[in-house]
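Structure file coords-v9.pdb with PDB, C-alpha atoms:
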```
ATOM      1  CA  MET A   1     -19.254 -15.515  28.473
ATOM      2  CA  SER A   2     -21.421 -14.314  25.574
ATOM      3  CA  GLU A   3     -20.854 -15.478  21.994
ATOM      4  CA  VAL A   4     -19.854 -11.956  20.967
ATOM      5  CA  GLN A   5     -17.282 -11.746  23.768
ATOM      6  CA  SER A   6     -15.884 -15.144  22.774
ATOM      7  CA  LEU A   7     -15.497 -14.006  19.155
ATOM      8  CA  LEU A   8     -13.822 -10.815  20.332
ATOM      9  CA  ASN A   9     -11.279 -12.772  22.369
ATOM     10  CA  GLN A  10     -10.435 -15.037  19.423
ATOM     11  CA  LEU A  11     -10.095 -12.145  16.964
ATOM     12  CA  LYS A  12      -8.003 -10.137  19.411
ATOM     13  CA  GLU A  13      -5.662 -13.100  19.951
ATOM     14  CA  GLN A  14      -5.157 -13.471  16.193
ATOM     15  CA  TYR A  15      -4.534  -9.722  15.828
ATOM     16  CA  GLU A  16      -1.899  -9.720  18.553
ATOM     17  CA  ASN A  17      -0.219 -12.845  17.096
ATOM     18  CA  PRO A  18      -0.935 -12.759  13.355
ATOM     19  CA  SER A  19       1.830 -15.218  12.482
ATOM     20  CA  ALA A  20       0.640 -17.844  14.970
ATOM     21  CA  PRO A  21      -1.368 -20.780  13.542
ATOM     22  CA  SER A  22      -5.099 -20.668  14.257
ATOM     23  CA  THR A  23      -7.786 -23.317  14.066
ATOM     24  CA  VAL A  24     -10.448 -20.914  12.755
ATOM     25  CA  ASP A  25      -9.975 -18.364   9.968
ATOM     26  CA  SER A  26     -10.421 -14.763  11.095
ATOM     27  CA  GLN A  27     -12.953 -14.036   8.363
ATOM     28  CA  GLU A  28     -15.009 -17.040   9.451
ATOM     29  CA  LEU A  29     -15.051 -15.567  12.949
ATOM     30  CA  LEU A  30     -16.091 -12.207  11.552
ATOM     31  CA  MET A  31     -18.867 -13.814   9.514
ATOM     32  CA  GLY A  32     -20.069 -15.523  12.696
ATOM     33  CA  LEU A  33     -20.144 -12.130  14.402
ATOM     34  CA  LYS A  34     -22.204 -10.638  11.557
ATOM     35  CA  LEU A  35     -24.743 -13.470  11.782
ATOM     36  CA  ILE A  36     -25.076 -12.996  15.547
ATOM     37  CA  LEU A  37     -25.604  -9.258  15.150
ATOM     38  CA  LEU A  38     -28.316  -9.840  12.548
ATOM     39  CA  SER A  39     -30.180 -12.279  14.791
ATOM     40  CA  GLN A  40     -29.966 -10.248  18.008
ATOM     41  CA  SER A  41     -32.845  -8.340  19.503
ATOM     42  CA  THR A  42     -32.576  -4.566  19.748
ATOM     43  CA  GLU A  43     -31.936  -4.799  23.490
ATOM     44  CA  ASP A  44     -29.156  -7.391  23.081
ATOM     45  CA  ALA A  45     -27.595  -5.381  20.250
ATOM     46  CA  ARG A  46     -27.388  -2.310  22.463
ATOM     47  CA  SER A  47     -25.867  -4.198  25.387
ATOM     48  CA  ASN A  48     -23.240  -5.819  23.142
ATOM     49  CA  GLN A  49     -22.568  -2.754  20.988
ATOM     50  CA  ASN A  50     -19.117  -1.876  22.285
ATOM     51  CA  VAL A  51     -17.910  -5.485  22.357
ATOM     52  CA  ALA A  52     -19.287  -6.131  18.867
ATOM     53  CA  MET A  53     -17.667  -2.967  17.508
ATOM     54  CA  GLU A  54     -14.257  -3.908  18.881
ATOM     55  CA  ALA A  55     -14.562  -7.443  17.489
ATOM     56  CA  PHE A  56     -15.536  -6.071  14.083
ATOM     57  CA  GLU A  57     -12.510  -3.769  14.145
ATOM     58  CA  TYR A  58     -10.153  -6.687  14.789
ATOM     59  CA  GLY A  59     -11.792  -8.721  12.025
ATOM     60  CA  THR A  60     -11.467  -5.846   9.566
ATOM     61  CA  LEU A  61      -7.784  -5.327  10.387
ATOM     62  CA  LEU A  62      -7.075  -9.053  10.143
ATOM     63  CA  SER A  63      -8.478  -9.185   6.608
ATOM     64  CA  ILE A  64      -5.299  -7.297   5.631
ATOM     65  CA  LEU A  65      -2.811  -8.111   8.385
ATOM     66  CA  LYS A  66      -3.279 -11.879   8.222
ATOM     67  CA  ASP A  67      -5.460 -12.800   5.233
ATOM     68  CA  HIS A  68      -4.162 -10.218   2.719
ATOM     69  CA  ASP A  69      -7.643 -10.079   1.196
ATOM     70  CA  MET A  70      -8.274  -6.647  -0.307
ATOM     71  CA  GLU A  71     -11.817  -7.449  -1.423
ATOM     72  CA  ALA A  72     -12.819  -8.659   2.041
ATOM     73  CA  PHE A  73     -11.180  -5.611   3.592
ATOM     74  CA  SER A  74     -13.115  -3.235   1.315
ATOM     75  CA  ARG A  75     -16.409  -4.954   2.202
ATOM     76  CA  ASN A  76     -15.607  -4.897   5.902
ATOM     77  CA  VAL A  77     -14.710  -1.201   5.816
ATOM     78  CA  LEU A  78     -18.060  -0.329   4.231
ATOM     79  CA  GLN A  79     -19.904  -2.312   6.905
ATOM     80  CA  TYR A  80     -17.706  -0.881   9.643
ATOM     81  CA  LYS A  81     -18.444   2.683   8.554
ATOM     82  CA  ALA A  82     -22.164   1.922   8.670
ATOM     83  CA  MET A  83     -21.855   0.334  12.139
ATOM     84  CA  SER A  84     -19.707   3.057  13.668
ATOM     85  CA  GLY A  85     -21.791   5.905  12.294
ATOM     86  CA  GLY A  86     -18.690   8.095  12.196
ATOM     87  CA  ALA A  87     -18.043   7.681  15.931
ATOM     88  CA  ALA A  88     -14.579   8.939  16.858
ATOM     89  CA  THR A  89     -14.275   6.945  20.087
ATOM     90  CA  SER A  90     -13.632   3.427  18.742
ATOM     91  CA  ASN A  91     -10.249   1.893  19.547
ATOM     92  CA  HIS A  92      -8.959   1.192  16.029
ATOM     93  CA  ARG A  93     -10.910   3.661  13.902
ATOM     94  CA  GLN A  94      -7.890   5.701  12.741
ATOM     95  CA  HIS A  95      -5.942   2.531  11.964
ATOM     96  CA  ILE A  96      -8.784   1.171   9.807
ATOM     97  CA  PHE A  97      -9.305   4.459   8.000
ATOM     98  CA  GLY A  98      -5.561   4.771   7.386
ATOM     99  CA  LEU A  99      -5.513   1.348   5.721
ATOM    100  CA  HIS A 100      -8.625   2.310   3.777
ATOM    101  CA  LEU A 101      -6.761   5.357   2.427
ATOM    102  CA  MET A 102      -3.822   3.124   1.484
ATOM    103  CA  ASN A 103      -6.207   0.842  -0.398
ATOM    104  CA  LEU A 104      -7.669   3.780  -2.336
ATOM    105  CA  LEU A 105      -4.147   5.035  -3.089
ATOM    106  CA  ILE A 106      -2.805   1.824  -4.605
ATOM    107  CA  GLU A 107      -6.030   1.384  -6.595
ATOM    108  CA  ASN A 108      -5.494   4.926  -7.938
ATOM    109  CA  HIS A 109      -8.923   6.063  -6.681
ATOM    110  CA  LEU A 110      -7.612   9.533  -5.926
ATOM    111  CA  SER A 111     -10.967  11.330  -6.031
ATOM    112  CA  GLU A 112     -12.315   8.954  -3.375
ATOM    113  CA  PHE A 113      -9.052   9.326  -1.441
ATOM    114  CA  HIS A 114      -9.483  13.088  -1.162
ATOM    115  CA  ALA A 115     -13.220  12.784  -0.497
ATOM    116  CA  GLU A 116     -12.459  10.565   2.514
ATOM    117  CA  LEU A 117      -9.939  13.109   3.801
ATOM    118  CA  GLU A 118     -12.657  15.759   3.855
ATOM    119  CA  LEU A 119     -14.643  13.617   6.315
ATOM    120  CA  LEU A 120     -11.804  13.288   8.810
ATOM    121  CA  SER A 121     -11.278  15.593  11.768
ATOM    122  CA  ALA A 122      -8.185  17.664  12.474
ATOM    123  CA  GLU A 123      -7.348  15.219  15.262
ATOM    124  CA  ASP A 124      -7.580  12.294  12.816
ATOM    125  CA  LEU A 125      -5.166  13.991  10.408
ATOM    126  CA  LYS A 126      -2.527  14.182  13.171
ATOM    127  CA  SER A 127      -2.585  10.420  13.663
ATOM    128  CA  SER A 128       0.368   8.550  12.148
ATOM    129  CA  PHE A 129      -2.103   6.042  10.728
ATOM    130  CA  ILE A 130      -3.750   8.811   8.690
ATOM    131  CA  SER A 131      -0.784  11.103   8.037
ATOM    132  CA  PHE A 132       1.233   8.238   6.525
ATOM    133  CA  PRO A 133      -0.965   7.709   3.419
ATOM    134  CA  ILE A 134      -1.377  11.487   3.069
ATOM    135  CA  GLN A 135       2.385  12.001   2.994
ATOM    136  CA  LEU A 136       2.798   9.028   0.678
ATOM    137  CA  GLU A 137       0.294  10.454  -1.791
ATOM    138  CA  ARG A 138       2.143  13.789  -1.813
ATOM    139  CA  GLN A 139       5.471  12.079  -2.451
ATOM    140  CA  LEU A 140       3.983  10.150  -5.344
ATOM    141  CA  MET A 141       2.431  13.264  -6.872
ATOM    142  CA  VAL A 142       5.718  15.188  -6.704
ATOM    143  CA  GLY A 143       7.674  12.167  -7.915
ATOM    144  CA  ILE A 144       9.910  11.739  -4.845
ATOM    145  CA  TYR A 145      10.061   7.998  -5.422
ATOM    146  CA  ASP A 146      13.254   7.520  -3.429
ATOM    147  CA  GLU A 147      11.421   8.559  -0.251
ATOM    148  CA  VAL A 148       8.480   6.301  -1.085
ATOM    149  CA  LEU A 149      10.802   3.302  -1.354
ATOM    150  CA  SER A 150      12.454   3.956   2.011
ATOM    151  CA  THR A 151       9.469   5.157   4.041
ATOM    152  CA  LYS A 152       8.844   4.012   7.650
ATOM    153  CA  LEU A 153       5.584   2.233   8.371
ATOM    154  CA  PRO A 154       3.252   3.197  11.260
ATOM    155  CA  HIS A 155       2.206  -0.473  11.628
ATOM    156  CA  GLU A 156       3.112  -3.803  10.053
ATOM    157  CA  SER A 157      -0.353  -4.050   8.478
ATOM    158  CA  TYR A 158       0.658  -1.265   6.065
ATOM    159  CA  GLN A 159       3.363  -3.460   4.547
ATOM    160  CA  PHE A 160       0.846  -5.291   2.362
ATOM    161  CA  PHE A 161      -0.201  -2.074   0.614
ATOM    162  CA  VAL A 162       3.317  -0.667   0.465
ATOM    163  CA  ASP A 163       4.538  -3.837  -1.280
ATOM    164  CA  HIS A 164       1.933  -3.282  -3.990
ATOM    165  CA  LEU A 165       2.899   0.366  -4.218
ATOM    166  CA  LEU A 166       6.620  -0.410  -4.458
ATOM    167  CA  GLN A 167       5.985  -2.509  -7.548
ATOM    168  CA  THR A 168       4.246   0.446  -9.216
ATOM    169  CA  VAL A 169       7.055   2.800  -8.209
ATOM    170  CA  ARG A 170       9.731   0.439  -9.519
ATOM    171  CA  ASP A 171       7.872   0.101 -12.804
ATOM    172  CA  SER A 172       7.799   3.897 -13.164
ATOM    173  CA  ILE A 173      11.530   4.171 -12.435
ATOM    174  CA  ALA A 174      12.221   1.364 -14.922
ATOM    175  CA  ASP A 175      10.232   3.213 -17.604
ATOM    176  CA  CYS A 176      12.403   6.306 -17.093
ATOM    177  CA  MET A 177      15.623   4.282 -17.092
ATOM    178  CA  GLU A 178      15.020   2.509 -20.364
ATOM    179  CA  VAL A 179      14.223   5.697 -22.305
ATOM    180  CA  SER A 180      17.098   7.666 -20.762
ATOM    181  CA  TYR A 181      19.951   5.179 -21.130
ATOM    182  CA  LYS A 182      21.417   2.759 -23.619
ATOM    183  CA  ASP A 183      23.017   0.718 -20.835
ATOM    184  CA  MET A 184      23.679   0.795 -17.105
ATOM    185  CA  SER A 185      25.600  -1.307 -14.622
ATOM    186  CA  LEU A 186      23.580  -3.852 -12.683
ATOM    187  CA  GLY A 187      24.827  -2.345  -9.423
ATOM    188  CA  GLU A 188      23.575   1.124 -10.289
ATOM    189  CA  ALA A 189      20.222  -0.210 -11.470
ATOM    190  CA  MET A 190      19.886  -2.211  -8.255
ATOM    191  CA  LYS A 191      20.489   0.870  -6.096
ATOM    192  CA  MET A 192      18.229   3.065  -8.199
ATOM    193  CA  MET A 193      15.319   0.633  -7.951
ATOM    194  CA  LYS A 194      15.966  -0.074  -4.242
ATOM    195  CA  PHE A 195      16.556  -3.804  -4.560
ATOM    196  CA  GLU A 196      18.542  -5.469  -1.796
ATOM    197  CA  THR A 197      20.557  -7.701  -4.138
ATOM    198  CA  VAL A 198      21.415  -8.023  -7.814
ATOM    199  CA  GLU A 199      19.559 -11.357  -7.811
ATOM    200  CA  GLU A 200      16.337  -9.539  -6.895
ATOM    201  CA  LEU A 201      16.930  -7.227  -9.855
ATOM    202  CA  ARG A 202      17.554 -10.206 -12.147
ATOM    203  CA  THR A 203      14.286 -11.793 -10.994
ATOM    204  CA  TYR A 204      12.436  -8.544 -11.682
ATOM    205  CA  ILE A 205      13.935  -8.400 -15.181
ATOM    206  CA  GLN A 206      12.923 -11.992 -15.932
ATOM    207  CA  GLU A 207       9.367 -11.490 -14.701
ATOM    208  CA  VAL A 208       8.617  -7.924 -15.810
ATOM    209  CA  ARG A 209      11.266  -6.631 -18.242
ATOM    210  CA  ASP A 210      12.175  -9.566 -20.438
ATOM    211  CA  ASP A 211      13.207  -7.174 -23.243
ATOM    212  CA  TRP A 212      16.135  -5.918 -21.146
ATOM    213  CA  ILE A 213      19.434  -7.616 -21.954
ATOM    214  CA  VAL A 214      21.883  -8.581 -19.211
ATOM    215  CA  ASP A 215      25.451  -8.647 -20.527
ATOM    216  CA  SER A 216      27.077 -11.269 -18.294
ATOM    217  CA  GLY A 217      30.533 -10.350 -19.514
ATOM    218  CA  SER A 218      30.429  -6.740 -18.351
ATOM    219  CA  ASP A 219      27.620  -7.010 -15.747
ATOM    220  CA  LYS A 220      25.750  -4.336 -17.659
ATOM    221  CA  LEU A 221      22.082  -3.894 -18.344
ATOM    222  CA  VAL A 222      21.366  -3.062 -21.997
ATOM    223  CA  PHE A 223      18.057  -1.449 -22.907
ATOM    224  CA  GLN A 224      16.468  -2.108 -26.268
ATOM    225  CA  ALA A 225      16.479   1.055 -28.381
ATOM    226  CA  SER A 226      13.102   2.103 -29.746
ATOM    227  CA  ALA A 227      12.597   2.517 -33.471
ATOM    228  CA  SER A 228      12.457   6.300 -33.239
ATOM    229  CA  ALA A 229      15.552   6.475 -31.092
ATOM    230  CA  SER A 230      17.584   4.171 -33.328
ATOM    231  CA  SER A 231      16.789   6.224 -36.455
ATOM    232  CA  GLY A 232      18.054   9.486 -34.944
ATOM    233  CA  PRO A 233      21.539  10.690 -34.019
ATOM    234  CA  PRO A 234      23.384   8.875 -31.225
ATOM    235  CA  GLN A 235      22.508  10.097 -27.745
ATOM    236  CA  GLN A 236      25.188  10.819 -25.185
ATOM    237  CA  SER A 237      23.066   9.180 -22.479
ATOM    238  CA  SER A 238      26.048   8.067 -20.448
ATOM    239  CA  ASP A 239      26.841  11.714 -19.716
ATOM    240  CA  ILE A 240      23.491  12.299 -18.006
ATOM    241  CA  PRO A 241      23.311  11.731 -14.226
ATOM    242  CA  SER A 242      20.675   9.016 -13.902
ATOM    243  CA  MET A 243      18.932   9.952 -10.651
ATOM    244  CA  LYS A 244      18.843  13.637 -11.602
ATOM    245  CA  LEU A 245      17.239  12.903 -14.957
ATOM    246  CA  ILE A 246      14.637  10.571 -13.484
ATOM    247  CA  SER A 247      13.759  13.036 -10.738
ATOM    248  CA  GLN A 248      13.412  15.883 -13.219
ATOM    249  CA  SER A 249      11.321  13.807 -15.618
ATOM    250  CA  LEU A 250       8.889  12.800 -12.889
ATOM    251  CA  THR A 251       8.654  16.329 -11.518
ATOM    252  CA  TYR A 252       8.051  17.870 -14.944
ATOM    253  CA  ALA A 253       5.354  15.316 -15.715
ATOM    254  CA  THR A 254       3.606  16.010 -12.435
ATOM    255  CA  GLU A 255       3.731  19.763 -12.902
ATOM    256  CA  MET A 256       2.346  19.460 -16.420
ATOM    257  CA  GLU A 257      -0.485  17.306 -15.107
ATOM    258  CA  ARG A 258      -1.342  19.928 -12.488
ATOM    259  CA  ILE A 259      -1.348  22.714 -15.056
ATOM    260  CA  VAL A 260      -3.689  20.767 -17.337
TER
END
```
Structure rendered as structure tokens:
Amino acid sequence: MSEVQSLLNQLKEQYENPSAPSTVDSQELLMGLKLILLSQSTEDARSNQNVAMEAFEYGTLLSILKDHDMEAFSRNVLQYKAMSGGAATSNHRQHIFGLHLMNLLIENHLSEFHAELELLSAEDLKSSFISFPIQLERQLMVGIYDEVLSTKLPHESYQFFVDHLLQTVRDSIADCMEVSYKDMSLGEAMKMMKFETVEELRTYIQEVRDDWIVDSGSDKLVFQASASASSGPPQQSSDIPSMKLISQSLTYATEMERIV
């Protein structure tokens, strides 16, 4: 068995069982593969091309699926694109490019996101790996945050990026809540921000929104009034349907951005 084939087998095993303990880190295996490829003769490189490509794909996917290393993933994607030369026949190409789009989306690199889409084929765009980040980007632009928070993943490797995105979405919803309401029940806030329990909401408040006041007596969330709001006439915020107002605010902001 060649060294490249051995590395492929180890990387494939880790990909198929990402939660299982391993004696060698996946990125160490990938680095070993890179060193072998650099030292190979042209003839050996050609004979091992398909095996090496598949091993590199597994290593690139594992940098997110197992290691949760965005920097390593970005480096590996750049090298993978150079190795593949845009070939559409590799086993995990659409999966890797889908995760690459997710990475660009959470980093807010939207110009690069759309530039990458232009390079994909019509067949690529039909793949669930690719269509998922495309649909997600559209939902974010329109402000349909409720769908973003309850979206179904095409593969477990997407969860890492979605978790990062959920934090951004929750922060945006929280911004709308605190300027639209004087107070709100903890239960309603929990549902609106898609937390599973009130304790998760309390943890979020402690870590991110320490200026919010939790009234333990009434189980209400009290938002600090801004200086401009407190100097004006009282607002009848309790009469405004919360989800409707947030949805409208996000939609109006998006439409204004498009017009500009």
Identify all residues satisfying the PyMOL selection byres ((chain A and resi 6-21) around 8) in the given file; provide them as a PDB file with C-alpha atoms, in the frame of the given file.
```
ATOM      1  CA  MET A   1     -19.254 -15.515  28.473  1.00  0.00           C
ATOM      2  CA  SER A   2     -21.421 -14.314  25.574  1.00  0.00           C
ATOM      3  CA  GLU A   3     -20.854 -15.478  21.994  1.00  0.00           C
ATOM      4  CA  VAL A   4     -19.854 -11.956  20.967  1.00  0.00           C
ATOM      5  CA  GLN A   5     -17.282 -11.746  23.768  1.00  0.00           C
ATOM      6  CA  SER A  22      -5.099 -20.668  14.257  1.00  0.00           C
ATOM      7  CA  THR A  23      -7.786 -23.317  14.066  1.00  0.00           C
ATOM      8  CA  SER A  26     -10.421 -14.763  11.095  1.00  0.00           C
ATOM      9  CA  LEU A  29     -15.051 -15.567  12.949  1.00  0.00           C
ATOM     10  CA  LEU A  30     -16.091 -12.207  11.552  1.00  0.00           C
ATOM     11  CA  LEU A  33     -20.144 -12.130  14.402  1.00  0.00           C
ATOM     12  CA  VAL A  51     -17.910  -5.485  22.357  1.00  0.00           C
ATOM     13  CA  ALA A  52     -19.287  -6.131  18.867  1.00  0.00           C
ATOM     14  CA  GLU A  54     -14.257  -3.908  18.881  1.00  0.00           C
ATOM     15  CA  ALA A  55     -14.562  -7.443  17.489  1.00  0.00           C
ATOM     16  CA  TYR A  58     -10.153  -6.687  14.789  1.00  0.00           C
ATOM     17  CA  GLY A  59     -11.792  -8.721  12.025  1.00  0.00           C
ATOM     18  CA  LEU A  61      -7.784  -5.327  10.387  1.00  0.00           C
ATOM     19  CA  LEU A  62      -7.075  -9.053  10.143  1.00  0.00           C
ATOM     20  CA  LEU A  65      -2.811  -8.111   8.385  1.00  0.00           C
ATOM     21  CA  LYS A  66      -3.279 -11.879   8.222  1.00  0.00           C
TER      22      LYS A  66
END
```
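In this structure, atom CA of A:Asn108 sits 18.9 Å away from atom CA of A:Glu147.
As for atom CA of A:His100 and atom CA of A:Ser74, they are spaced 7.5 Å apart.
If all atoms listed in the file are the atoms counted, then among A:Leu140, A:Ile213, A:Val162, A:Met192 the closest residue to A:Cys176 is A:Met192.
Across the chains present, the PyMOL selection byres ((chain A and resi 96) around 9) applied to this file returns Glu57, Thr60, Leu61, Val77, His92, Arg93, Gln94, His95, Phe97, Gly98, Leu99, His100, Leu101 and Phe129 of chain A.
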Starting from the shown file, work through the PyMOL selection byres ((chain A and resi 167) around 12) and note down what comes out as a PDB file with C-alpha atoms, keeping the file's coordinate frame.
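Result file follows (part-v3.pdb):
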```
ATOM      1  CA  ILE A 106      -2.805   1.824  -4.605  1.00  0.00           C
ATOM      2  CA  TYR A 145      10.061   7.998  -5.422  1.00  0.00           C
ATOM      3  CA  VAL A 148       8.480   6.301  -1.085  1.00  0.00           C
ATOM      4  CA  LEU A 149      10.802   3.302  -1.354  1.00  0.00           C
ATOM      5  CA  PHE A 160       0.846  -5.291   2.362  1.00  0.00           C
ATOM      6  CA  PHE A 161      -0.201  -2.074   0.614  1.00  0.00           C
ATOM      7  CA  VAL A 162       3.317  -0.667   0.465  1.00  0.00           C
ATOM      8  CA  ASP A 163       4.538  -3.837  -1.280  1.00  0.00           C
ATOM      9  CA  HIS A 164       1.933  -3.282  -3.990  1.00  0.00           C
ATOM     10  CA  LEU A 165       2.899   0.366  -4.218  1.00  0.00           C
ATOM     11  CA  LEU A 166       6.620  -0.410  -4.458  1.00  0.00           C
ATOM     12  CA  THR A 168       4.246   0.446  -9.216  1.00  0.00           C
ATOM     13  CA  VAL A 169       7.055   2.800  -8.209  1.00  0.00           C
ATOM     14  CA  ARG A 170       9.731   0.439  -9.519  1.00  0.00           C
ATOM     15  CA  ASP A 171       7.872   0.101 -12.804  1.00  0.00           C
ATOM     16  CA  SER A 172       7.799   3.897 -13.164  1.00  0.00           C
ATOM     17  CA  ILE A 173      11.530   4.171 -12.435  1.00  0.00           C
ATOM     18  CA  ALA A 174      12.221   1.364 -14.922  1.00  0.00           C
ATOM     19  CA  MET A 193      15.319   0.633  -7.951  1.00  0.00           C
ATOM     20  CA  LYS A 194      15.966  -0.074  -4.242  1.00  0.00           C
ATOM     21  CA  PHE A 195      16.556  -3.804  -4.560  1.00  0.00           C
ATOM     22  CA  TYR A 204      12.436  -8.544 -11.682  1.00  0.00           C
ATOM     23  CA  GLU A 207       9.367 -11.490 -14.701  1.00  0.00           C
ATOM     24  CA  VAL A 208       8.617  -7.924 -15.810  1.00  0.00           C
TER      25      VAL A 208
END
```
Next on the checklist: as a ChimeraX atom specification, please: the residues near A:Leu110 (cut-off 12 Å, only C-alpha atoms, same-chain neighbours under 4 positions excluded).
Outcome noted: /A:101-106,114-117,133-134,137-138,140-141
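A straight line drawn from atom CA of A:Asn50 to atom CA of A:Ser128 is 24.3 Å long.
Proximity ranking of A:Leu38, A:Leu153, A:Val198, A:Leu221 relative to A:Ser185 places A:Leu221 first, based on all atoms listed in the file.
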Checklist entry - Using all atoms listed in the file, can you list as number ranges by chain the residues within 12 Å of (33.0, -5.2, -18.9)? => result A: 183-186, 214-221
Add whatever atoms are absent from stretch 52-69 of chain A to reach N, CA, C and O atoms, and provide the output as a PDB file, in the frame of the given file.
```pdb
ATOM      1  N   ALA A  52     -19.137  -5.778  20.278  1.00  0.00           N
ATOM      2  CA  ALA A  52     -19.287  -6.131  18.867  1.00  0.00           C
ATOM      3  C   ALA A  52     -18.468  -5.215  17.976  1.00  0.00           C
ATOM      4  O   ALA A  52     -17.852  -5.666  17.000  1.00  0.00           O
ATOM      5  N   MET A  53     -18.432  -3.926  18.310  1.00  0.00           N
ATOM      6  CA  MET A  53     -17.667  -2.967  17.508  1.00  0.00           C
ATOM      7  C   MET A  53     -16.178  -3.282  17.558  1.00  0.00           C
ATOM      8  O   MET A  53     -15.487  -3.272  16.530  1.00  0.00           O
ATOM      9  N   GLU A  54     -15.679  -3.591  18.737  1.00  0.00           N
ATOM     10  CA  GLU A  54     -14.257  -3.908  18.881  1.00  0.00           C
ATOM     11  C   GLU A  54     -13.909  -5.186  18.134  1.00  0.00           C
ATOM     12  O   GLU A  54     -12.873  -5.277  17.460  1.00  0.00           O
ATOM     13  N   ALA A  55     -14.793  -6.192  18.206  1.00  0.00           N
ATOM     14  CA  ALA A  55     -14.562  -7.443  17.489  1.00  0.00           C
ATOM     15  C   ALA A  55     -14.558  -7.206  15.982  1.00  0.00           C
ATOM     16  O   ALA A  55     -13.731  -7.766  15.250  1.00  0.00           O
ATOM     17  N   PHE A  56     -15.465  -6.367  15.516  1.00  0.00           N
ATOM     18  CA  PHE A  56     -15.536  -6.071  14.083  1.00  0.00           C
ATOM     19  C   PHE A  56     -14.279  -5.336  13.626  1.00  0.00           C
ATOM     20  O   PHE A  56     -13.785  -5.556  12.513  1.00  0.00           O
ATOM     21  N   GLU A  57     -13.749  -4.479  14.475  1.00  0.00           N
ATOM     22  CA  GLU A  57     -12.510  -3.769  14.145  1.00  0.00           C
ATOM     23  C   GLU A  57     -11.354  -4.753  13.967  1.00  0.00           C
ATOM     24  O   GLU A  57     -10.597  -4.659  12.996  1.00  0.00           O
ATOM     25  N   TYR A  58     -11.225  -5.697  14.895  1.00  0.00           N
ATOM     26  CA  TYR A  58     -10.153  -6.687  14.789  1.00  0.00           C
ATOM     27  C   TYR A  58     -10.317  -7.522  13.523  1.00  0.00           C
ATOM     28  O   TYR A  58      -9.339  -7.810  12.819  1.00  0.00           O
ATOM     29  N   GLY A  59     -11.550  -7.928  13.225  1.00  0.00           N
ATOM     30  CA  GLY A  59     -11.792  -8.721  12.025  1.00  0.00           C
ATOM     31  C   GLY A  59     -11.451  -7.964  10.755  1.00  0.00           C
ATOM     32  O   GLY A  59     -10.881  -8.539   9.811  1.00  0.00           O
ATOM     33  N   THR A  60     -11.766  -6.677  10.734  1.00  0.00           N
ATOM     34  CA  THR A  60     -11.467  -5.846   9.566  1.00  0.00           C
ATOM     35  C   THR A  60      -9.955  -5.698   9.376  1.00  0.00           C
ATOM     36  O   THR A  60      -9.441  -5.815   8.259  1.00  0.00           O
ATOM     37  N   LEU A  61      -9.239  -5.461  10.465  1.00  0.00           N
ATOM     38  CA  LEU A  61      -7.784  -5.327  10.387  1.00  0.00           C
ATOM     39  C   LEU A  61      -7.124  -6.647   9.985  1.00  0.00           C
ATOM     40  O   LEU A  61      -6.153  -6.662   9.220  1.00  0.00           O
ATOM     41  N   LEU A  62      -7.654  -7.747  10.462  1.00  0.00           N
ATOM     42  CA  LEU A  62      -7.075  -9.053  10.143  1.00  0.00           C
ATOM     43  C   LEU A  62      -7.263  -9.434   8.677  1.00  0.00           C
ATOM     44  O   LEU A  62      -6.484 -10.220   8.130  1.00  0.00           O
ATOM     45  N   SER A  63      -8.274  -8.876   8.025  1.00  0.00           N
ATOM     46  CA  SER A  63      -8.478  -9.185   6.608  1.00  0.00           C
ATOM     47  C   SER A  63      -7.294  -8.720   5.765  1.00  0.00           C
ATOM     48  O   SER A  63      -7.050  -9.236   4.680  1.00  0.00           O
ATOM     49  N   ILE A  64      -6.527  -7.744   6.297  1.00  0.00           N
ATOM     50  CA  ILE A  64      -5.299  -7.297   5.631  1.00  0.00           C
ATOM     51  C   ILE A  64      -4.078  -7.869   6.316  1.00  0.00           C
ATOM     52  O   ILE A  64      -3.191  -8.451   5.693  1.00  0.00           O
ATOM     53  N   LEU A  65      -4.014  -7.727   7.629  1.00  0.00           N
ATOM     54  CA  LEU A  65      -2.811  -8.111   8.385  1.00  0.00           C
ATOM     55  C   LEU A  65      -2.489  -9.587   8.248  1.00  0.00           C
ATOM     56  O   LEU A  65      -1.324  -9.971   8.095  1.00  0.00           O
ATOM     57  N   LYS A  66      -3.519 -10.441   8.252  1.00  0.00           N
ATOM     58  CA  LYS A  66      -3.279 -11.879   8.222  1.00  0.00           C
ATOM     59  C   LYS A  66      -3.719 -12.529   6.920  1.00  0.00           C
ATOM     60  O   LYS A  66      -3.029 -13.376   6.367  1.00  0.00           O
ATOM     61  N   ASP A  67      -4.888 -12.133   6.403  1.00  0.00           N
ATOM     62  CA  ASP A  67      -5.460 -12.800   5.233  1.00  0.00           C
ATOM     63  C   ASP A  67      -5.041 -12.176   3.911  1.00  0.00           C
ATOM     64  O   ASP A  67      -5.170 -12.797   2.857  1.00  0.00           O
ATOM     65  N   HIS A  68      -4.589 -10.914   3.948  1.00  0.00           N
ATOM     66  CA  HIS A  68      -4.162 -10.218   2.719  1.00  0.00           C
ATOM     67  C   HIS A  68      -5.263 -10.242   1.652  1.00  0.00           C
ATOM     68  O   HIS A  68      -4.981 -10.454   0.478  1.00  0.00           O
ATOM     69  N   ASP A  69      -6.480 -10.025   2.082  1.00  0.00           N
ATOM     70  CA  ASP A  69      -7.643 -10.079   1.196  1.00  0.00           C
ATOM     71  C   ASP A  69      -8.202  -8.672   1.024  1.00  0.00           C
ATOM     72  O   ASP A  69      -8.953  -8.176   1.877  1.00  0.00           O
TER      73      ASP A  69
END
```
